[in-house]
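I have placed the structure first, in the form of C-alpha cells, so that the comments after it can refer back to it.
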Amino acid sequence: MTDRSQSFEDEDPVEIPEPAHPHLRREPLPWQTPKPVEDDAEAWSRVQTILLSPGYRQADEDLDFLQQYETRGIRLQLDYFKPELLLQKHGIEHTIVVFGSTRIVEPDAARRRVAALRAALEEKPGDPELSKRLAVAERIEAKSRYYEVAREFGRLVGSAKEGPCGCQVVMMTGGGPGMMEAANRGAFDVGAKSVGLNITLPHEQYPNPYITPELCFRFHYFGLRKLHFLLRARALVAFPGGYGTFDELFETLTLIQTRKIQPLPVILVGEAFWRRAFDVDFLVDEGVIDEEDRDLFWYAETADEIWQGILDWYEAAGCPIDGIGGGGRDQ
C-alpha cells in the first residue's frame with residue numbers, strides 16, 4: 001500500500017497567489033470603457049443620452065423618483081429611521097418635551113415691538129389697525145415672562161444628572177422660535193445637549209440657534225415628527241400657544257386617555273391662559289369626557305414647580321425599575 005503522507009511530502013508546495021486588489025485591476029473589464037467611436041461614430045452620443053436619462057438614475061439617488069406618490073411608503077420609513085438611528089447613536093433614551101407659541105419672544109424683543117408700535121400710533125393717532133396690533137403686542141409682552149420660565153426650565157433639565165426614575169433626560173422641542181427656543185436655550189446655557197424636531201413647510205422654518213447641531217432633525221411628515229416627540233417622552237410641558245401647541249397637547253392627552261401610551265406627566269404652564277383657552281370643566285359637565293380625564297394634567301407657573309411636579313408624579317407612580325413606566329412607547 002502506498003504511503004499517502006509520504007507522497008504528499010514529495011510534491012512541490014502549492015504556490016498561493018497574492019490577494020486581488022480590492023479596487024484596482026491590471027486589465028480593465030470590457031464595460032469600463034464605452035464603445036469605440038471608430039466602430040460607431042454616434043455610439044458615444046447615444047451612451048451620453050442613456051446616462052442622462054431619468055430611468056438610468058440609481059433609485060436611492062433619484063429625488064424625482066423618491067418624491068412620487070407611489071414611493072410615499074419609502075419616505076415614511078426614512079422620515080422615521082434617520083432620526084431614530086441618530087438618537088440611538090447619541091444615547092438619547094429619555095426626553096422632556098416642551099411645546100409653546102413661536103410668537104412669544106423674549107422680554108426685550110417684546111418690549112421693542114411694543115415701543116415701535118406705540119411710536120407708529122403716535123404718528124397716526126386713532127389708526128384702528130395699529131391700535132389692534134399694539135394691543136396684541138402688549139399681550140405678547142405680558143406673556144414674554146414665560147420665555148424666561150421655559151429657559152430656566154431648560155437649565156434645570158440640562159443640569160439634572162438624574163431625572164424621573166434615575167434616568168438622564170434631554171430637552172426636546174419642535175426646534176422653532178419662541179417657547180421652544182427658550183427651552184433649548186436653557187439647556188444650551190448649561191452646556192447640555194438638546195433636541196429639535198423641525199418640519200418642512202411651504203415657508204422656510206429656521207431652527208433656533210440653541211439646539212445641538214447633530215440633534216436637530218427636519219421631518220417631511222407631521223405624523224412621524226409626532227411619533228418621535230412621544231417615543232422617548234418622560235413628560236410633556238405645554239406653554240401658552242396656538243394651533244400647533246393644541247395639536248400636540250390634545251393628541252398626547254388622547255393617547256393617555258385611551259392608554260394607547262403609558263401615562264406620563266402633562267403640565268400646562270400659565271393657568272390663567274389655559275383655563276380660558278381650554279375649559280376642561282365644561283367638557284366634563286357636558287359629558288364628552290369623564291371626570292377622571294380632568295386629572296390627566298395639572299397647571300404650573302414656575303420652572304421649579306414644573307420640575308418638582310414631574311419628580312413628584314413619578315414618585316407617586318412608583319417609578320418602575322425598568323424605567324419605562326410613564327414613557328411614551330406604545331402599549
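Going through the C-alpha cells in order, the chains are called A, B, and so on, while each chain numbers its residues from 1 and the ligands are numbered from 1 in the order shown.
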Original post:
region 106-285 of chain A: which residues are strand (DSSP E or B) by DSSP, as number ranges by chain?
Top reply: A: 170-173, 194-199, 216-219, 233-238, 261, 266-269
Original post:
Distance CA of Trp274 (chain A)-CA of Gly163 (chain A), one decimal place?
Top reply: 26.3 Å
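CA of Arg145 (chain A) is found 7.6 Å from CA of Glu106 (chain A).
Shortest separation to Pro164 (chain A) among A:Ala187, A:Ala109, A:Ile16, A:Ile310 occurs at residue A:Ile310, atoms counted being only C-alpha atoms.
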Subject >> For Val266 (chain A): contacts at 10 Å, only C-alpha atoms, fewer than 3 positions along chain excluded, given as a VMD selection string >> reply: chain A and resid 97 234 to 238 249 252 to 253 256 263 269 295 to 299 306 309 to 310 313
**OP:** Tell me which protein, DNA and RNA residues are within 10 Å of region 223-233 of chain A, counting only C-alpha atoms, leaving out same-chain ones fewer than 2 positions away, and put them as a PyMOL selection string.
**Re:** chain A and resi 76-81+83-84+87+92-98+169-174+195-199+217-221+235-236+247-248+251-252+261+264-265+324+326-330
Original post:
Near Glu291 (chain A), counting only C-alpha atoms, which residues have an atom at most 12 Å away, once you skip same-chain residues fewer than 6 positions from it, shown as a PyMOL selection string?
Top reply: chain A and resi 257+280-285
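Closest approach to Gln168 (chain A) from the set A:Val149, A:Gly91, A:Asp40, A:Leu117 is made by A:Gly91, with distances taken over only C-alpha atoms.
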Original post:
So, counting only C-alpha atoms, which residue among A:Cys165, A:Cys216, A:Val157, A:Arg276 is closest to Ala192 (chain A)?
Top reply: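 Between A:Cys165, A:Cys216, A:Val157, A:Arg276, the residue approaching Ala192 (chain A) most closely is A:Val157.
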Original post:
For the atom pair CA of Pro209 (chain A) and CA of Glu181 (chain A), what is the interatomic distance in Å to one decimal place?
Top reply: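 One can read the CA of Pro209 (chain A) to CA of Glu181 (chain A) distance as 7.8 Å.
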Alpha helix (DSSP H) per DSSP on the backbone: members of region 42-98 of chain A, as a short mmCIF file (atom, residue, chain, number, x, y, z; two decimals) with C-alpha atoms, in the first residue's frame:
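Saved result, part.cif, follows:
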```cif
data_model
loop_
_atom_site.label_atom_id
_atom_site.label_comp_id
_atom_site.auth_asym_id
_atom_site.auth_seq_id
_atom_site.Cartn_x
_atom_site.Cartn_y
_atom_site.Cartn_z
CA ALA A 43 -22.05 55.48 -30.13
CA TRP A 44 -20.73 57.94 -27.52
CA SER A 45 -23.58 60.43 -28.02
CA ARG A 46 -26.07 57.59 -27.59
CA VAL A 47 -24.33 56.47 -24.40
CA GLN A 48 -24.48 60.02 -23.06
CA THR A 49 -28.22 60.12 -23.75
CA ILE A 50 -28.63 56.92 -21.76
CA LEU A 51 -26.51 58.20 -18.85
CA LEU A 52 -28.64 61.37 -18.63
CA LEU A 63 -35.05 62.61 -5.99
CA ASP A 64 -37.79 62.79 -8.62
CA PHE A 65 -38.46 59.08 -8.14
CA LEU A 66 -38.41 59.35 -4.34
CA ARG A 72 -44.54 57.60 -0.05
CA GLY A 73 -44.10 54.43 1.99
CA ILE A 74 -40.33 54.59 1.50
CA ARG A 75 -40.28 58.26 2.52
CA LEU A 76 -42.27 57.47 5.66
CA GLN A 77 -39.71 54.84 6.62
CA LEU A 78 -36.80 57.21 6.03
CA ASP A 79 -38.54 60.02 7.96
CA TYR A 80 -38.73 57.68 10.95
CA PHE A 81 -35.47 55.83 10.57
CA LYS A 82 -32.88 58.60 10.18
CA PRO A 83 -33.72 60.44 13.45
CA GLU A 84 -34.14 57.11 15.24
CA LEU A 85 -30.64 55.94 14.31
CA LEU A 86 -29.05 59.27 15.22
CA LEU A 87 -30.88 59.50 18.56
CA GLN A 88 -29.68 55.99 19.37
CA LYS A 89 -26.14 56.90 18.29
#
```
